[in-house]
$ cat input.txt   # compact mmCIF, C-alpha atoms and all ligand atoms
# COMPACT_ATOMS: atom_id res chain seq x y z
CA MET A 7 121.28 78.54 99.68
CA PHE A 8 118.88 81.46 100.19
CA GLU A 9 115.30 80.47 99.67
CA PHE A 10 112.10 82.05 100.94
CA LYS A 11 108.92 80.00 101.17
CA VAL A 12 105.53 81.33 102.21
CA THR A 13 104.03 78.77 104.61
CA GLY A 14 100.74 80.29 105.76
CA LYS A 15 98.38 83.23 105.98
CA LEU A 16 97.97 85.86 108.70
CA ALA A 17 95.49 88.72 109.09
CA GLY A 18 95.25 91.23 106.24
CA ARG A 19 97.99 90.60 103.67
CA GLY A 20 100.09 88.92 106.36
CA ARG A 21 101.95 85.68 105.77
CA THR A 22 104.24 83.27 107.57
CA GLY A 23 107.35 82.02 105.85
CA VAL A 24 110.79 80.45 106.16
CA PHE A 25 114.00 82.05 104.93
CA THR A 26 116.89 79.62 104.61
CA THR A 27 120.37 80.96 105.46
CA PRO A 28 123.82 79.38 106.02
CA HIS A 29 123.29 79.76 109.80
CA GLY A 30 119.83 78.24 109.91
CA ASP A 31 116.23 78.94 109.00
CA VAL A 32 114.52 82.18 109.95
CA HIS A 33 110.80 81.82 110.54
CA THR A 34 108.94 84.95 109.52
CA PRO A 35 107.49 87.36 110.45
CA VAL A 36 110.56 88.06 112.57
CA PHE A 37 111.75 90.88 114.84
CA MET A 38 115.53 91.34 114.76
CA PRO A 39 117.20 92.76 117.90
CA VAL A 40 119.83 95.38 117.05
CA GLY A 41 123.44 94.77 118.10
CA THR A 42 125.08 97.94 116.81
CA HIS A 43 128.65 97.18 117.96
CA ALA A 44 128.32 93.40 117.53
CA SER A 45 126.51 93.28 120.87
CA VAL A 46 122.82 93.68 121.70
CA LYS A 47 123.35 96.21 124.48
CA SER A 48 123.57 94.49 127.90
CA VAL A 49 122.19 91.17 126.59
CA ASN A 50 124.28 87.98 126.53
CA PRO A 51 123.84 85.96 123.30
CA ALA A 52 122.72 83.00 125.47
CA ASP A 53 119.83 85.15 126.71
CA LEU A 54 118.94 86.06 123.12
CA VAL A 55 118.56 82.35 122.43
CA LYS A 56 116.32 81.99 125.50
CA ILE A 57 113.95 84.73 124.34
CA LYS A 58 113.83 83.00 120.91
CA ALA A 59 115.64 85.68 118.92
CA GLN A 60 116.29 84.07 115.53
CA ILE A 61 118.45 86.68 113.84
CA ILE A 62 120.16 89.85 114.98
CA LEU A 63 121.38 92.97 113.23
CA ALA A 64 124.79 94.61 113.41
CA ASN A 65 125.87 97.98 112.00
CA ASN A 66 128.49 98.10 109.27
CA TYR A 67 129.17 101.82 109.89
CA HIS A 68 130.11 101.31 113.54
CA LEU A 69 132.13 98.14 113.01
CA PHE A 70 133.89 99.57 109.94
CA LEU A 71 135.20 102.38 112.18
CA ARG A 72 135.80 100.30 115.31
CA PRO A 73 137.32 97.76 115.66
CA GLY A 74 137.56 97.72 111.83
CA SER A 75 136.23 95.05 109.46
CA ASP A 76 139.71 93.57 108.96
CA ILE A 77 140.08 92.81 112.67
CA ILE A 78 136.68 91.07 112.76
CA ALA A 79 137.58 89.11 109.61
CA LYS A 80 140.85 88.08 111.27
CA MET A 81 138.87 86.84 114.28
CA GLY A 82 136.80 84.59 112.02
CA GLY A 83 133.95 86.99 111.18
CA LEU A 84 131.06 88.37 113.22
CA HIS A 85 129.48 85.03 114.18
CA SER A 86 132.64 83.74 115.77
CA PHE A 87 133.76 87.14 117.14
CA MET A 88 130.53 87.64 119.12
CA ASN A 89 129.70 83.98 119.74
CA TRP A 90 126.36 84.01 117.90
CA ASP A 91 125.91 81.09 115.53
CA LYS A 92 122.47 82.04 114.25
CA PRO A 93 121.81 84.36 111.29
CA ILE A 94 123.04 87.97 111.29
CA LEU A 95 122.09 90.91 109.07
CA THR A 96 124.34 93.93 108.59
CA ASP A 97 123.16 97.28 107.31
CA SER A 98 125.47 99.07 104.90
CA GLY A 99 126.14 102.30 106.79
CA GLY A 100 124.16 104.34 104.25
CA PHE A 101 121.70 105.46 106.91
CA GLN A 102 124.40 106.46 109.41
CA VAL A 103 126.45 108.55 106.98
CA TRP A 104 123.22 110.22 105.87
CA SER A 105 122.37 111.00 109.52
CA LEU A 106 125.87 112.46 109.98
CA LYS A 107 125.18 114.76 107.00
CA GLY A 108 128.16 113.45 105.08
CA ASN A 109 129.26 115.00 101.80
CA THR A 110 127.52 112.96 99.08
CA SER A 111 128.83 112.61 95.51
CA PRO A 112 127.92 110.09 92.82
CA ASP A 113 130.95 108.10 93.95
CA GLY A 114 129.98 107.78 97.64
CA VAL A 115 129.82 109.67 100.91
CA GLU A 116 132.66 111.42 102.72
CA PHE A 117 131.89 111.78 106.42
CA ARG A 118 133.46 112.59 109.74
CA SER A 119 133.67 109.74 112.22
CA HIS A 120 131.46 110.27 115.29
CA LEU A 121 134.36 108.84 117.33
CA ASP A 122 137.25 111.18 116.55
CA GLY A 123 136.11 113.50 113.78
CA SER A 124 138.46 111.85 111.25
CA LEU A 125 137.49 111.97 107.58
CA ASN A 126 136.29 108.66 106.15
CA PHE A 127 134.70 107.53 102.91
CA LEU A 128 132.07 104.92 102.11
CA SER A 129 131.03 103.90 98.60
CA PRO A 130 128.95 100.92 97.47
CA GLU A 131 132.20 99.00 96.84
CA ILE A 132 133.80 99.88 100.20
CA ALA A 133 130.58 99.21 102.14
CA ILE A 134 129.98 95.82 100.52
CA ASP A 135 133.65 94.86 100.90
CA SER A 136 133.36 95.62 104.61
CA GLU A 137 130.09 93.66 104.92
CA VAL A 138 131.77 90.72 103.18
CA LYS A 139 134.56 90.83 105.78
CA LEU A 140 132.04 90.95 108.63
CA GLY A 141 130.41 87.87 107.09
CA ALA A 142 126.73 88.36 107.99
CA ASP A 143 124.18 86.08 106.29
CA ILE A 144 122.21 89.03 104.96
CA ILE A 145 123.95 92.21 103.77
CA MET A 146 122.29 95.44 102.72
CA ALA A 147 123.05 97.46 99.60
CA PHE A 148 124.58 100.92 100.09
CA ASP A 149 121.78 103.47 99.68
CA GLN A 150 120.91 107.12 100.12
CA CYS A 151 118.25 107.72 102.75
CA THR A 152 115.65 110.52 102.56
CA LYS A 153 113.79 112.33 105.28
CA ASP A 154 110.07 111.82 105.81
CA THR A 155 109.33 115.29 104.42
CA ALA A 156 111.58 115.04 101.32
CA THR A 157 110.30 116.95 98.28
CA VAL A 158 109.73 115.23 94.92
CA ASP A 159 113.11 116.50 93.69
CA GLU A 160 114.97 115.38 96.82
CA ALA A 161 113.30 111.96 96.74
CA ARG A 162 114.01 111.49 93.04
CA THR A 163 117.67 112.47 93.38
CA ALA A 164 118.13 110.02 96.28
CA VAL A 165 116.37 107.21 94.40
CA GLU A 166 118.49 107.72 91.28
CA LEU A 167 121.65 107.57 93.38
CA THR A 168 120.32 104.54 95.29
CA GLN A 169 119.62 102.73 92.01
CA ASN A 170 123.10 103.43 90.69
CA TRP A 171 124.58 102.33 94.02
CA LEU A 172 122.43 99.17 94.04
CA LEU A 173 123.89 98.11 90.67
CA ARG A 174 127.41 98.78 92.01
CA SER A 175 126.59 96.96 95.28
CA ILE A 176 125.38 93.93 93.30
CA LYS A 177 128.52 93.94 91.12
CA GLU A 178 130.75 94.01 94.21
CA TRP A 179 128.66 91.35 96.02
CA LYS A 180 128.86 88.98 93.03
CA LYS A 181 132.67 89.17 93.10
CA HIS A 182 132.56 87.36 96.45
CA ASP A 183 130.24 84.51 97.44
CA PRO A 184 126.51 85.15 96.86
CA GLU A 185 125.80 81.62 98.16
CA LYS A 186 127.15 82.65 101.58
CA GLN A 187 125.65 86.11 101.84
CA ALA A 188 122.30 87.34 100.53
CA LEU A 189 122.16 90.96 99.33
CA PHE A 190 118.93 92.93 99.83
CA GLY A 191 118.14 95.95 97.66
CA ILE A 192 116.49 98.98 99.28
CA ILE A 193 113.48 100.97 98.09
CA GLN A 194 113.60 104.71 98.83
CA GLY A 195 111.24 107.46 97.60
CA ALA A 196 109.95 109.12 100.80
CA LEU A 197 106.19 109.85 100.64
CA HIS A 198 105.81 110.04 96.86
CA GLU A 199 103.74 107.31 95.26
CA ASN A 200 105.18 107.38 91.73
CA ILE A 201 108.76 107.46 92.97
CA ARG A 202 108.18 104.65 95.48
CA ARG A 203 106.57 102.52 92.75
CA GLU A 204 109.37 103.16 90.26
CA ALA A 205 111.96 102.46 92.97
CA THR A 206 110.16 99.22 93.85
CA GLN A 207 110.04 98.02 90.25
CA PHE A 208 113.76 98.76 89.87
CA VAL A 209 114.70 96.73 92.97
CA VAL A 210 112.36 93.86 91.99
CA ASP A 211 113.95 93.79 88.51
CA GLN A 212 117.44 93.28 90.03
CA ASP A 213 116.18 90.00 91.56
CA THR A 214 118.09 90.37 94.86
CA PRO A 215 117.32 87.60 97.41
CA GLY A 216 115.28 90.05 99.53
CA ILE A 217 113.65 93.47 99.30
CA ALA A 218 113.87 96.23 101.89
CA LEU A 219 111.93 99.41 102.45
CA GLY A 220 114.00 102.32 103.70
CA GLY A 221 113.77 106.01 104.45
CA GLU A 222 113.10 108.00 107.59
CA THR A 223 109.34 107.45 107.09
CA ILE A 224 109.56 103.70 107.67
CA GLY A 225 108.81 102.88 111.30
CA PHE A 226 109.05 106.55 112.32
CA ASN A 227 105.77 107.59 110.67
CA MET A 228 103.46 104.56 110.86
CA ALA A 229 100.62 106.15 108.86
CA GLY A 230 103.20 107.00 106.17
CA THR A 231 104.67 103.49 106.36
CA LYS A 232 101.23 101.95 105.79
CA GLN A 233 100.63 104.33 102.87
CA VAL A 234 103.95 103.41 101.23
CA VAL A 235 103.39 99.67 101.60
CA ASP A 236 99.85 99.99 100.20
CA TRP A 237 101.22 101.87 97.16
CA ILE A 238 103.76 99.20 96.28
CA ALA A 239 102.11 96.00 97.53
CA ASP A 240 101.03 94.77 94.07
CA LEU A 241 104.61 95.07 92.78
CA LEU A 242 106.22 92.90 95.48
CA PRO A 243 106.93 89.28 94.49
CA GLU A 244 105.46 86.62 96.81
CA ASN A 245 108.66 84.61 97.03
CA LYS A 246 111.00 87.29 98.43
CA PRO A 247 111.26 88.35 102.06
CA ARG A 248 110.18 91.97 102.69
CA TYR A 249 112.04 93.98 105.29
CA THR A 250 110.99 97.34 106.76
CA MET A 251 114.16 98.96 108.13
CA GLY A 252 113.92 100.56 111.56
CA LEU A 253 110.34 99.54 112.36
CA GLY A 254 109.37 98.39 115.86
CA LEU A 255 108.87 101.25 118.30
CA ARG A 256 105.79 99.63 119.87
CA PRO A 257 104.42 96.09 119.76
CA SER A 258 101.37 97.41 117.85
CA ASP A 259 103.65 98.76 115.10
CA VAL A 260 104.93 95.25 114.45
CA LEU A 261 101.33 93.98 114.29
CA THR A 262 100.52 96.69 111.73
CA ALA A 263 103.54 95.70 109.64
CA ILE A 264 102.62 92.01 109.78
CA THR A 265 99.13 92.85 108.50
CA LEU A 266 100.73 94.75 105.60
CA GLY A 267 102.56 91.59 104.54
CA ILE A 268 106.00 92.54 105.88
CA ASP A 269 108.26 89.68 106.97
CA MET A 270 111.22 91.28 108.78
CA PHE A 271 111.67 94.26 111.13
CA ASP A 272 114.38 95.75 113.35
CA CYS A 273 114.51 98.68 115.70
CA VAL A 274 116.77 99.97 118.47
CA ALA A 275 113.66 101.12 120.38
CA PRO A 276 112.99 98.06 122.59
CA THR A 277 116.48 98.10 124.14
CA ARG A 278 116.82 101.90 124.15
CA LEU A 279 113.41 102.36 125.80
CA ALA A 280 114.27 99.64 128.32
CA ARG A 281 117.43 101.48 129.37
CA ASN A 282 115.33 104.61 129.85
CA GLY A 283 112.82 102.86 132.10
CA ALA A 284 110.02 102.28 129.55
CA LEU A 285 108.88 98.64 129.66
CA TYR A 286 106.25 97.13 127.38
CA THR A 287 103.14 95.58 128.84
CA GLY A 288 99.96 94.33 127.16
CA LYS A 289 98.77 91.52 124.96
CA VAL A 290 97.77 90.68 121.40
CA VAL A 291 94.09 90.14 120.68
CA ILE A 292 92.51 89.30 117.38
CA LYS A 293 89.22 90.86 116.37
CA ASN A 294 86.96 89.28 113.76
CA ALA A 295 88.90 86.00 113.89
CA VAL A 296 88.61 83.49 111.06
CA GLY A 297 85.01 82.31 110.93
CA ALA A 298 83.60 85.59 112.20
CA GLN A 299 80.65 86.74 110.16
CA HIS A 300 81.59 90.37 109.74
CA GLY A 301 84.82 92.11 108.85
CA ALA A 302 88.36 90.91 108.23
CA PRO A 303 90.53 89.68 111.12
CA GLU A 304 92.63 92.41 112.77
CA TYR A 305 95.33 92.31 115.45
CA HIS A 306 95.31 94.75 118.34
CA PHE A 307 97.78 95.22 121.16
CA GLU A 308 95.75 95.87 124.30
CA SER A 309 97.55 97.62 127.11
CA GLU A 310 96.26 99.48 130.13
CA TYR A 311 99.13 101.95 129.76
CA SER A 312 99.65 104.69 127.18
CA ASN A 313 102.23 103.90 124.50
CA GLU A 314 101.95 100.24 125.57
CA ARG A 315 104.56 100.65 128.32
CA ILE A 316 105.09 101.53 131.96
CA ASN A 317 107.71 103.94 133.25
CA ILE A 318 109.34 101.79 135.87
CA GLY A 319 110.89 104.79 137.63
CA ASN A 320 107.44 106.08 138.64
CA LYS A 321 106.67 106.07 142.37
CA GLN A 322 103.57 103.91 141.83
CA PHE A 323 105.84 100.88 141.21
CA GLU A 324 107.87 101.28 144.42
CA THR A 325 105.99 98.49 146.20
CA ASP A 326 104.35 96.75 143.19
CA ALA A 327 104.85 93.01 143.67
CA LYS A 328 103.67 92.07 140.15
CA PRO A 329 106.03 91.23 137.29
CA ILE A 330 106.36 93.83 134.49
CA ASP A 331 103.84 91.84 132.48
CA SER A 332 101.92 88.94 133.99
CA ASP A 333 101.68 87.07 130.66
CA CYS A 334 105.35 87.47 129.73
CA ASP A 335 107.49 84.32 129.90
CA CYS A 336 110.89 86.05 130.03
CA ASP A 337 113.32 85.37 132.90
CA THR A 338 112.85 88.90 134.22
CA CYS A 339 109.07 88.50 134.56
CA GLN A 340 109.45 84.98 135.98
CA HIS A 341 111.79 86.02 138.78
CA PHE A 342 111.59 89.76 139.54
CA THR A 343 108.95 92.27 140.66
CA ARG A 344 108.24 95.77 139.39
CA ALA A 345 109.31 97.00 142.84
CA TYR A 346 112.77 95.44 142.46
CA LEU A 347 113.20 96.77 138.90
CA HIS A 348 112.06 100.20 140.12
CA HIS A 349 114.80 100.07 142.77
CA LEU A 350 117.47 98.89 140.30
CA PHE A 351 116.49 101.61 137.83
CA ARG A 352 116.55 104.36 140.47
CA THR A 353 119.98 103.25 141.71
CA LYS A 354 121.29 102.74 138.15
CA GLU A 355 122.37 99.20 139.02
CA LEU A 356 123.90 97.52 135.96
CA LEU A 357 121.68 94.46 136.36
CA TYR A 358 118.67 96.66 135.55
CA TYR A 359 119.81 97.18 131.94
CA SER A 360 120.00 93.49 131.08
CA LEU A 361 116.78 92.53 132.91
CA ALA A 362 114.86 95.37 131.24
CA SER A 363 116.30 94.78 127.75
CA VAL A 364 115.57 91.05 127.88
CA HIS A 365 111.93 91.81 128.75
CA ASN A 366 111.32 94.40 126.02
CA LEU A 367 112.92 92.22 123.34
CA ARG A 368 110.93 89.20 124.46
CA MET A 369 107.70 91.25 124.28
CA MET A 370 108.43 92.12 120.63
CA ILE A 371 109.22 88.53 119.73
CA LYS A 372 106.28 87.13 121.72
CA THR A 373 103.90 89.62 120.09
CA ILE A 374 104.67 88.00 116.74
CA GLU A 375 104.43 84.47 118.15
CA ASP A 376 101.04 85.32 119.71
CA ALA A 377 99.70 86.86 116.50
CA ILE A 378 100.65 83.69 114.60
CA ALA A 379 99.12 81.44 117.28
CA LEU A 380 95.86 83.45 117.36
CA SER A 381 95.60 83.28 113.56
CA SER A 382 95.71 79.50 113.52
CA LYS A 383 92.87 79.15 116.05
ZN ZN A 401 109.06 89.86 130.58
$ encode --input "input.txt" --output "structure tokens"
Amino acid sequence: MFEFKVTGKLAGRGRTGVFTTPHGDVHTPVFMPVGTHASVKSVNPADLVKIKAQIILANNYHLFLRPGSDIIAKMGGLHSFMNWDKPILTDSGGFQVWSLKGNTSPDGVEFRSHLDGSLNFLSPEIAIDSEVKLGADIIMAFDQCTKDTATVDEARTAVELTQNWLLRSIKEWKKHDPEKQALFGIIQGALHENIRREATQFVVDQDTPGIALGGETIGFNMAGTKQVVDWIADLLPENKPRYTMGLGLRPSDVLTAITLGIDMFDCVAPTRLARNGALYTGKVVIKNAVGAQHGAPEYHFESEYSNERINIGNKQFETDAKPIDSDCDCDTCQHFTRAYLHHLFRTKELLYYSLASVHNLRMMIKTIEDAIALSSK
């Protein structure tokens, strides 16, 4: 069922591809909106279809605690529960229990729920069992995250645990239906070349349907992310999708990742920033396009604003009759002015959150579409 085919070339090591899943094909590179509680905050699934979202992400940790994986299974699984019939990816909860500073043992992680402080436990077996109940097309192995600044010893300890947990995750996954759900292994190793390379070879050797790069570094420290991908690039098989977990703070970050040969990305930033009044604006340009005499082609995201976004709450937008971004084709930019969004944001009108989130997500998705279109010119 799960097959990845490279279909073309983009700038740098970039490539286009198609990943086949039980809920349809995913054309890569792809940005995946995050729907933590089985909902992309304030965005109706019908609007996700309109902005050409192909696949969304949901969080096993949150759904495991509330409403509980059994309830979602009883309601026919995530796709049916949230009325989204396209592909879904679930993370394992490894990152969240690490963030909560849970008590880690070789067996798993004991942690206190962020909801009520109750003690809970996740292990590779429990996490995968929950992900099976949720029924996403792509499920992530249970792993141990490391911070960007992890020492060699810390990184090695986390990688050894992650490798052991990957083998246990695979064993549990194979007890169910690997034709219905693809398991991705995760490479940890912080900012240590040898450990990242060893971790990569280990994941590649397990032959999981996809390969993910994890750790606080990824997406959070873009120079570090580029360094890590450069270290391991020669070890990554061509025919497996590559996923950088938590990458996509700015449109330019996604362009960087595409150039590094990454196929999949997700980040809460576009919707979180939107809710806080930060709205992306700018456009993709390609320098040294195919046929140019000097230099390799490179994507750039050109924006007249710092961090590639405007702060819609600023007074300067009070009477601005332009859309957020004049090249954006989202419903928000087609029908509403900056002045109106400024007003909605200042008055905390609920409509603001959906209009703003739709725009920022569309900008991420359109950035990829534009990079692909520019590369074929
Ligand atoms: Zn827009």
$ residues_around --input "input.txt" --residues "region 265-275 of chain A" --least-positions-apart "3" --cutoff "7 Å" --atoms "all atoms listed in the file" --output "mmCIF file with C-alpha atoms, in the coordinates of the input"
data_model
loop_
_atom_site.group_PDB
_atom_site.id
_atom_site.type_symbol
_atom_site.label_atom_id
_atom_site.label_comp_id
_atom_site.auth_asym_id
_atom_site.auth_seq_id
_atom_site.Cartn_x
_atom_site.Cartn_y
_atom_site.Cartn_z
ATOM 1 C CA ALA A 17 95.490 88.720 109.090
ATOM 2 C CA GLY A 18 95.250 91.230 106.240
ATOM 3 C CA ARG A 19 97.990 90.600 103.670
ATOM 4 C CA GLY A 20 100.090 88.920 106.360
ATOM 5 C CA ARG A 21 101.950 85.680 105.770
ATOM 6 C CA THR A 34 108.940 84.950 109.520
ATOM 7 C CA PRO A 35 107.490 87.360 110.450
ATOM 8 C CA VAL A 36 110.560 88.060 112.570
ATOM 9 C CA PHE A 37 111.750 90.880 114.840
ATOM 10 C CA MET A 38 115.530 91.340 114.760
ATOM 11 C CA PRO A 39 117.200 92.760 117.900
ATOM 12 C CA VAL A 40 119.830 95.380 117.050
ATOM 13 C CA VAL A 235 103.390 99.670 101.600
ATOM 14 C CA PRO A 247 111.260 88.350 102.060
ATOM 15 C CA ARG A 248 110.180 91.970 102.690
ATOM 16 C CA TYR A 249 112.040 93.980 105.290
ATOM 17 C CA THR A 250 110.990 97.340 106.760
ATOM 18 C CA MET A 251 114.160 98.960 108.130
ATOM 19 C CA GLY A 252 113.920 100.560 111.560
ATOM 20 C CA LEU A 253 110.340 99.540 112.360
ATOM 21 C CA GLY A 254 109.370 98.390 115.860
ATOM 22 C CA LEU A 255 108.870 101.250 118.300
ATOM 23 C CA LEU A 261 101.330 93.980 114.290
ATOM 24 C CA THR A 262 100.520 96.690 111.730
ATOM 25 C CA ARG A 278 116.820 101.900 124.150
ATOM 26 C CA LEU A 279 113.410 102.360 125.800
#
$ residues_near_ligand --input "input.txt" --ligand "ligand ZN 401 (chain A)" --cutoff "7 Å" --atoms "only C-alpha atoms and all ligand atoms" --output "ChimeraX atom specification"
/A:330-331,334-339,365-366,368-369
$ residues_around --input "input.txt" --residues "region 28-33 of chain A" --least-positions-apart "2" --cutoff "7 Å" --atoms "only C-alpha atoms" --output "ChimeraX atom specification"
/A:7,23-26,35-36,60,91-93,143,186
$ atom_distance --input "input.txt" --atom1 "CA of Leu71 (chain A)" --atom2 "CA of Ser119 (chain A)"
7.5 Å
$ residues_around --input "input.txt" --residues "Glu324 (chain A)" --least-positions-apart "5" --cutoff "9 Å" --atoms "all atoms listed in the file" --output "list in words"
Ile318, Gly319, Arg344, Ala345, Tyr346, Leu347, His348 and His349 of chain A
$ closest_residue --input "input.txt" --among "A:Thr287, A:Thr277, A:Ser360, A:Thr27" --to "Asn50 (chain A)" --atoms "only C-alpha atoms"
A:Ser360
$ closest_residue --input "input.txt" --among "A:Lys321, A:Arg162, A:His68, A:Lys11" --to "Glu244 (chain A)" --atoms "only C-alpha atoms"
A:Lys11
$ closest_residue --input "input.txt" --among "A:Ile134, A:Val210, A:Ala205, A:Leu350" --to "Lys177 (chain A)" --atoms "all atoms listed in the file"
A:Ile134
$ closest_residue --input "input.txt" --among "A:Leu219, A:Ile132, A:Ile145, A:Leu63" --to "Ile238 (chain A)" --atoms "all atoms listed in the file"
A:Leu219
